[in-house]
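Structure file target_21.txt with compact mmCIF, N, CA and C atoms:
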# COMPACT_ATOMS: atom_id res chain seq x y z
N TYR Y 813 0.83 -1.19 0.00
CA TYR Y 813 0.00 0.00 0.00
C TYR Y 813 0.87 1.25 0.00
N SER Y 814 1.86 1.27 0.86
CA SER Y 814 2.69 2.48 0.98
C SER Y 814 3.48 2.77 -0.30
N ALA Y 815 3.92 1.73 -0.99
CA ALA Y 815 4.63 1.95 -2.26
C ALA Y 815 3.71 2.62 -3.27
N PHE Y 816 2.43 2.28 -3.25
CA PHE Y 816 1.49 2.89 -4.19
C PHE Y 816 1.12 4.32 -3.78
N VAL Y 817 1.18 4.62 -2.49
CA VAL Y 817 1.00 6.01 -2.05
C VAL Y 817 2.14 6.86 -2.62
N VAL Y 818 3.36 6.37 -2.52
CA VAL Y 818 4.51 7.10 -3.05
C VAL Y 818 4.40 7.22 -4.57
N LEU Y 819 4.00 6.16 -5.25
CA LEU Y 819 3.84 6.20 -6.70
C LEU Y 819 2.76 7.21 -7.09
N TYR Y 820 1.65 7.23 -6.37
CA TYR Y 820 0.59 8.21 -6.63
C TYR Y 820 1.15 9.63 -6.52
N GLU Y 821 1.88 9.89 -5.43
CA GLU Y 821 2.43 11.23 -5.23
C GLU Y 821 3.45 11.58 -6.30
N PHE Y 822 4.23 10.62 -6.72
CA PHE Y 822 5.23 10.84 -7.77
C PHE Y 822 4.56 11.18 -9.10
N LEU Y 823 3.51 10.45 -9.44
CA LEU Y 823 2.85 10.66 -10.73
C LEU Y 823 2.00 11.93 -10.78
N THR Y 824 1.39 12.27 -9.66
CA THR Y 824 0.47 13.41 -9.66
C THR Y 824 1.10 14.70 -9.11
N LEU Y 825 2.23 14.57 -8.45
CA LEU Y 825 2.89 15.71 -7.79
C LEU Y 825 1.98 16.33 -6.72
N ARG Y 826 1.17 15.48 -6.09
CA ARG Y 826 0.26 15.92 -5.02
C ARG Y 826 0.39 14.98 -3.83
N PRO Y 827 0.21 15.49 -2.61
CA PRO Y 827 0.23 14.59 -1.44
C PRO Y 827 -1.01 13.70 -1.43
N TYR Y 828 -0.85 12.46 -1.04
CA TYR Y 828 -1.98 11.53 -0.95
C TYR Y 828 -2.77 11.78 0.33
N LEU Y 829 -2.06 12.09 1.39
CA LEU Y 829 -2.71 12.36 2.67
C LEU Y 829 -2.82 13.86 2.88
N PRO Y 830 -3.94 14.31 3.47
CA PRO Y 830 -4.08 15.75 3.76
C PRO Y 830 -3.00 16.19 4.74
N LEU Y 831 -2.33 17.26 4.43
CA LEU Y 831 -1.23 17.71 5.25
C LEU Y 831 -1.68 18.35 6.56
N GLU Y 832 -2.92 18.81 6.61
CA GLU Y 832 -3.37 19.51 7.81
C GLU Y 832 -3.89 18.59 8.91
N GLU Y 833 -4.07 17.31 8.62
CA GLU Y 833 -4.57 16.36 9.62
C GLU Y 833 -3.42 15.70 10.37
N ASP Y 834 -3.75 15.13 11.52
CA ASP Y 834 -2.82 14.28 12.23
C ASP Y 834 -2.49 13.10 11.33
N LEU Y 835 -1.23 12.77 11.19
CA LEU Y 835 -0.80 11.76 10.22
C LEU Y 835 -1.46 10.40 10.45
N SER Y 836 -1.54 9.95 11.70
CA SER Y 836 -2.13 8.63 11.94
C SER Y 836 -3.62 8.61 11.58
N ASN Y 837 -4.34 9.68 11.92
CA ASN Y 837 -5.76 9.76 11.54
C ASN Y 837 -5.93 9.87 10.03
N ALA Y 838 -5.07 10.65 9.38
CA ALA Y 838 -5.15 10.80 7.93
C ALA Y 838 -4.90 9.46 7.24
N LEU Y 839 -3.95 8.67 7.74
CA LEU Y 839 -3.66 7.38 7.13
C LEU Y 839 -4.82 6.42 7.29
N VAL Y 840 -5.39 6.35 8.48
CA VAL Y 840 -6.55 5.48 8.71
C VAL Y 840 -7.72 5.90 7.82
N ASN Y 841 -7.97 7.19 7.71
CA ASN Y 841 -9.06 7.68 6.86
C ASN Y 841 -8.80 7.38 5.39
N ALA Y 842 -7.56 7.50 4.94
CA ALA Y 842 -7.23 7.24 3.54
C ALA Y 842 -7.40 5.77 3.20
N ILE Y 843 -7.01 4.89 4.11
CA ILE Y 843 -7.17 3.46 3.87
C ILE Y 843 -8.64 3.08 3.85
N ALA Y 844 -9.43 3.68 4.72
CA ALA Y 844 -10.86 3.37 4.78
C ALA Y 844 -11.63 3.93 3.59
N ALA Y 845 -11.16 5.04 3.04
CA ALA Y 845 -11.85 5.67 1.91
C ALA Y 845 -11.47 4.98 0.61
N SER Y 846 -12.25 5.23 -0.40
CA SER Y 846 -11.92 4.69 -1.72
C SER Y 846 -10.77 5.48 -2.32
N PRO Y 847 -9.90 4.83 -3.09
CA PRO Y 847 -8.84 5.57 -3.75
C PRO Y 847 -9.42 6.49 -4.81
N PRO Y 848 -8.65 7.45 -5.29
CA PRO Y 848 -9.18 8.35 -6.31
C PRO Y 848 -9.61 7.57 -7.55
N GLY Y 849 -10.70 8.01 -8.16
CA GLY Y 849 -11.16 7.38 -9.38
C GLY Y 849 -10.17 7.60 -10.50
N ILE Y 850 -10.21 6.76 -11.52
CA ILE Y 850 -9.21 6.88 -12.57
C ILE Y 850 -9.39 8.12 -13.42
N PHE Y 851 -10.56 8.75 -13.35
CA PHE Y 851 -10.79 9.96 -14.13
C PHE Y 851 -10.85 11.20 -13.26
N ALA Y 852 -10.48 11.08 -12.00
CA ALA Y 852 -10.51 12.21 -11.07
C ALA Y 852 -9.49 13.26 -11.48
N SER Y 853 -9.76 14.49 -11.11
CA SER Y 853 -8.87 15.60 -11.49
C SER Y 853 -7.50 15.50 -10.83
N GLU Y 854 -7.37 14.68 -9.79
CA GLU Y 854 -6.08 14.54 -9.12
C GLU Y 854 -5.00 14.00 -10.05
N TRP Y 855 -5.41 13.31 -11.10
CA TRP Y 855 -4.44 12.69 -12.00
C TRP Y 855 -3.80 13.68 -12.96
N VAL Y 856 -4.26 14.89 -12.99
CA VAL Y 856 -3.63 15.92 -13.82
C VAL Y 856 -2.70 16.70 -12.89
N ALA Y 857 -1.42 16.59 -13.15
CA ALA Y 857 -0.43 17.23 -12.29
C ALA Y 857 -0.60 18.74 -12.31
N PRO Y 858 -0.29 19.39 -11.19
CA PRO Y 858 -0.45 20.85 -11.12
C PRO Y 858 0.59 21.62 -11.91
N VAL Y 859 1.49 20.94 -12.58
CA VAL Y 859 2.52 21.58 -13.39
C VAL Y 859 2.07 21.54 -14.84
N ASP Y 860 2.01 22.69 -15.49
CA ASP Y 860 1.48 22.77 -16.86
C ASP Y 860 2.24 21.88 -17.85
N GLU Y 861 3.54 21.76 -17.69
CA GLU Y 861 4.33 20.99 -18.64
C GLU Y 861 4.16 19.48 -18.47
N GLN Y 862 3.60 19.05 -17.36
CA GLN Y 862 3.46 17.63 -17.06
C GLN Y 862 2.18 17.10 -17.71
N PRO Y 863 2.28 16.10 -18.60
CA PRO Y 863 1.07 15.55 -19.22
C PRO Y 863 0.26 14.75 -18.21
N PRO Y 864 -1.04 14.54 -18.45
CA PRO Y 864 -1.85 13.72 -17.55
C PRO Y 864 -1.29 12.30 -17.47
N VAL Y 865 -1.53 11.65 -16.36
CA VAL Y 865 -1.08 10.27 -16.16
C VAL Y 865 -1.90 9.35 -17.06
N PRO Y 866 -1.25 8.49 -17.86
CA PRO Y 866 -2.00 7.57 -18.74
C PRO Y 866 -2.96 6.68 -17.95
N VAL Y 867 -4.07 6.35 -18.55
CA VAL Y 867 -5.12 5.58 -17.89
C VAL Y 867 -4.61 4.24 -17.39
N GLU Y 868 -3.74 3.58 -18.13
CA GLU Y 868 -3.23 2.28 -17.71
C GLU Y 868 -2.51 2.37 -16.36
N TYR Y 869 -1.74 3.44 -16.18
CA TYR Y 869 -1.04 3.63 -14.92
C TYR Y 869 -2.01 4.04 -13.82
N ARG Y 870 -3.04 4.75 -14.16
CA ARG Y 870 -4.06 5.11 -13.16
C ARG Y 870 -4.71 3.84 -12.62
N HIS Y 871 -5.10 2.93 -13.51
CA HIS Y 871 -5.70 1.66 -13.08
C HIS Y 871 -4.73 0.90 -12.16
N TYR Y 872 -3.48 0.88 -12.54
CA TYR Y 872 -2.45 0.18 -11.78
C TYR Y 872 -2.35 0.74 -10.36
N VAL Y 873 -2.25 2.06 -10.24
CA VAL Y 873 -2.10 2.69 -8.92
C VAL Y 873 -3.38 2.51 -8.10
N VAL Y 874 -4.54 2.69 -8.71
CA VAL Y 874 -5.80 2.53 -7.98
C VAL Y 874 -5.93 1.10 -7.46
N HIS Y 875 -5.49 0.13 -8.26
CA HIS Y 875 -5.51 -1.27 -7.82
C HIS Y 875 -4.64 -1.45 -6.58
N GLY Y 876 -3.47 -0.82 -6.57
CA GLY Y 876 -2.57 -0.92 -5.42
C GLY Y 876 -3.04 -0.15 -4.21
N LEU Y 877 -3.95 0.81 -4.40
CA LEU Y 877 -4.47 1.61 -3.29
C LEU Y 877 -5.85 1.15 -2.81
N ALA Y 878 -6.32 0.02 -3.31
CA ALA Y 878 -7.65 -0.46 -2.91
C ALA Y 878 -7.73 -0.56 -1.40
N ASN Y 879 -8.87 -0.11 -0.84
CA ASN Y 879 -8.98 -0.12 0.62
C ASN Y 879 -9.14 -1.53 1.18
N ASP Y 880 -9.58 -2.48 0.39
CA ASP Y 880 -9.69 -3.87 0.81
C ASP Y 880 -8.40 -4.59 0.41
N PRO Y 881 -7.61 -5.07 1.37
CA PRO Y 881 -6.35 -5.74 1.04
C PRO Y 881 -6.52 -6.92 0.07
N GLU Y 882 -7.66 -7.56 0.07
CA GLU Y 882 -7.91 -8.68 -0.85
C GLU Y 882 -7.99 -8.21 -2.31
N ARG Y 883 -8.26 -6.94 -2.53
CA ARG Y 883 -8.37 -6.41 -3.89
C ARG Y 883 -7.07 -5.82 -4.40
N ARG Y 884 -6.06 -5.71 -3.53
CA ARG Y 884 -4.75 -5.20 -3.93
C ARG Y 884 -3.92 -6.33 -4.54
N PHE Y 885 -2.74 -6.00 -5.02
CA PHE Y 885 -1.82 -7.02 -5.50
C PHE Y 885 -1.44 -7.91 -4.32
N SER Y 886 -1.32 -9.20 -4.57
CA SER Y 886 -1.04 -10.13 -3.48
C SER Y 886 0.44 -10.15 -3.08
N SER Y 887 1.29 -9.64 -3.96
CA SER Y 887 2.73 -9.61 -3.65
C SER Y 887 3.41 -8.53 -4.49
N ALA Y 888 4.62 -8.22 -4.09
CA ALA Y 888 5.41 -7.26 -4.87
C ALA Y 888 5.72 -7.85 -6.25
N THR Y 889 5.91 -9.14 -6.31
CA THR Y 889 6.18 -9.79 -7.60
C THR Y 889 5.01 -9.62 -8.54
N GLU Y 890 3.80 -9.82 -8.04
CA GLU Y 890 2.61 -9.64 -8.88
C GLU Y 890 2.50 -8.19 -9.36
N ALA Y 891 2.77 -7.24 -8.48
CA ALA Y 891 2.70 -5.82 -8.85
C ALA Y 891 3.74 -5.49 -9.92
N LEU Y 892 4.94 -6.01 -9.77
CA LEU Y 892 5.99 -5.74 -10.76
C LEU Y 892 5.70 -6.42 -12.10
N GLU Y 893 5.14 -7.62 -12.07
CA GLU Y 893 4.77 -8.29 -13.31
C GLU Y 893 3.69 -7.51 -14.05
N ARG Y 894 2.71 -6.98 -13.31
CA ARG Y 894 1.66 -6.18 -13.92
C ARG Y 894 2.22 -4.91 -14.52
N LEU Y 895 3.14 -4.26 -13.80
CA LEU Y 895 3.77 -3.04 -14.31
C LEU Y 895 4.58 -3.34 -15.58
N ASP Y 896 5.28 -4.46 -15.59
CA ASP Y 896 6.04 -4.84 -16.77
C ASP Y 896 5.11 -5.09 -17.96
N ALA Y 897 3.97 -5.72 -17.72
CA ALA Y 897 2.99 -5.95 -18.78
C ALA Y 897 2.44 -4.64 -19.33
N ILE Y 898 2.20 -3.68 -18.45
CA ILE Y 898 1.70 -2.37 -18.89
C ILE Y 898 2.76 -1.67 -19.74
N ARG Y 899 3.98 -1.71 -19.28
CA ARG Y 899 5.07 -1.05 -20.01
C ARG Y 899 5.33 -1.71 -21.35
N SER Y 900 5.09 -3.02 -21.44
CA SER Y 900 5.33 -3.74 -22.70
C SER Y 900 4.22 -3.52 -23.71
N GLY Y 901 3.09 -3.07 -23.22
CA GLY Y 901 1.96 -2.82 -24.11
C GLY Y 901 1.10 -3.99 -24.18

Represent the structure of the file as structure tokens.
Amino acid sequence: YSAFVVLYEFLTLRPYLPLEEDLSNALVNAIAASPPGIFASEWVAPVDEQPPVPVEYRHYVVHGLANDPERRFSSATEALERLDAIRSG
């Protein structure tokens, strides 16, 4: 889960957790809430020169951020294999 939080922040240039909340409460709330939708405005980086995140990568990150652990990747190997498949086309 945490690797996908970092990936989300890297791709969108936005914090995943609200900065004004207590970190432990913000993390619990983020895990309990649904991840951003694949068409949400968060996927467009706030930097004009940065293109929107491709839909394939949005699906990948949202899958890794699923609030139900059973719906996430079962292992790092599975996540890396999926990423390799996306990159290969």

Q: Extract, using all atoms listed in the file, all DNA, RNA and protein residues at most 8 Å from Tyr872 of chain Y, discarding same-chain residues fewer than 6 positions from it, and format them as a ChimeraX atom specification.
A: /Y:816,866,894-895

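Of the listed residues Y:Ile898, Y:Ala891, Y:Val867, Y:Ile843, the one whose atoms come nearest to Asn879 of chain Y is Y:Ile843, with distances taken using only N, CA and C atoms.
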
task = Tell me, as a count of residues only, which residues lie within 7 Å of His875 of chain Y, counting only N, CA and C atoms; anything in the same chain fewer than 5 positions away does not count.
result = 4

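Among the candidates Y:Leu835, Y:Ala844, Y:Thr824, Y:Leu829, the residue lying nearest to Pro881 of chain Y is Y:Ala844 (atoms considered: only C-alpha atoms).
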
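Between atom CA of Asp896 of chain Y and atom CA of Pro827 of chain Y there is a distance of 25.4 Å.
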
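Restricting the calculation to only C-alpha atoms, the smallest distance between Phe822 of chain Y and any of Y:Ala842, Y:Glu868, Y:Val873, Y:Ser836 is found for Y:Val873.
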
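Separating atom N of Leu819 of chain Y from atom CA of Leu831 of chain Y is a distance of 16.5 Å.
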
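For the set Y:Val865, Y:Val874, Y:Leu892, Y:Leu825, the residue with the smallest atom-to-atom gap to Pro847 of chain Y is Y:Val874, counting only C-alpha atoms.
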
What separates atom N of Asp834 of chain Y and atom N of Glu882 of chain Y is a distance of 25.7 Å
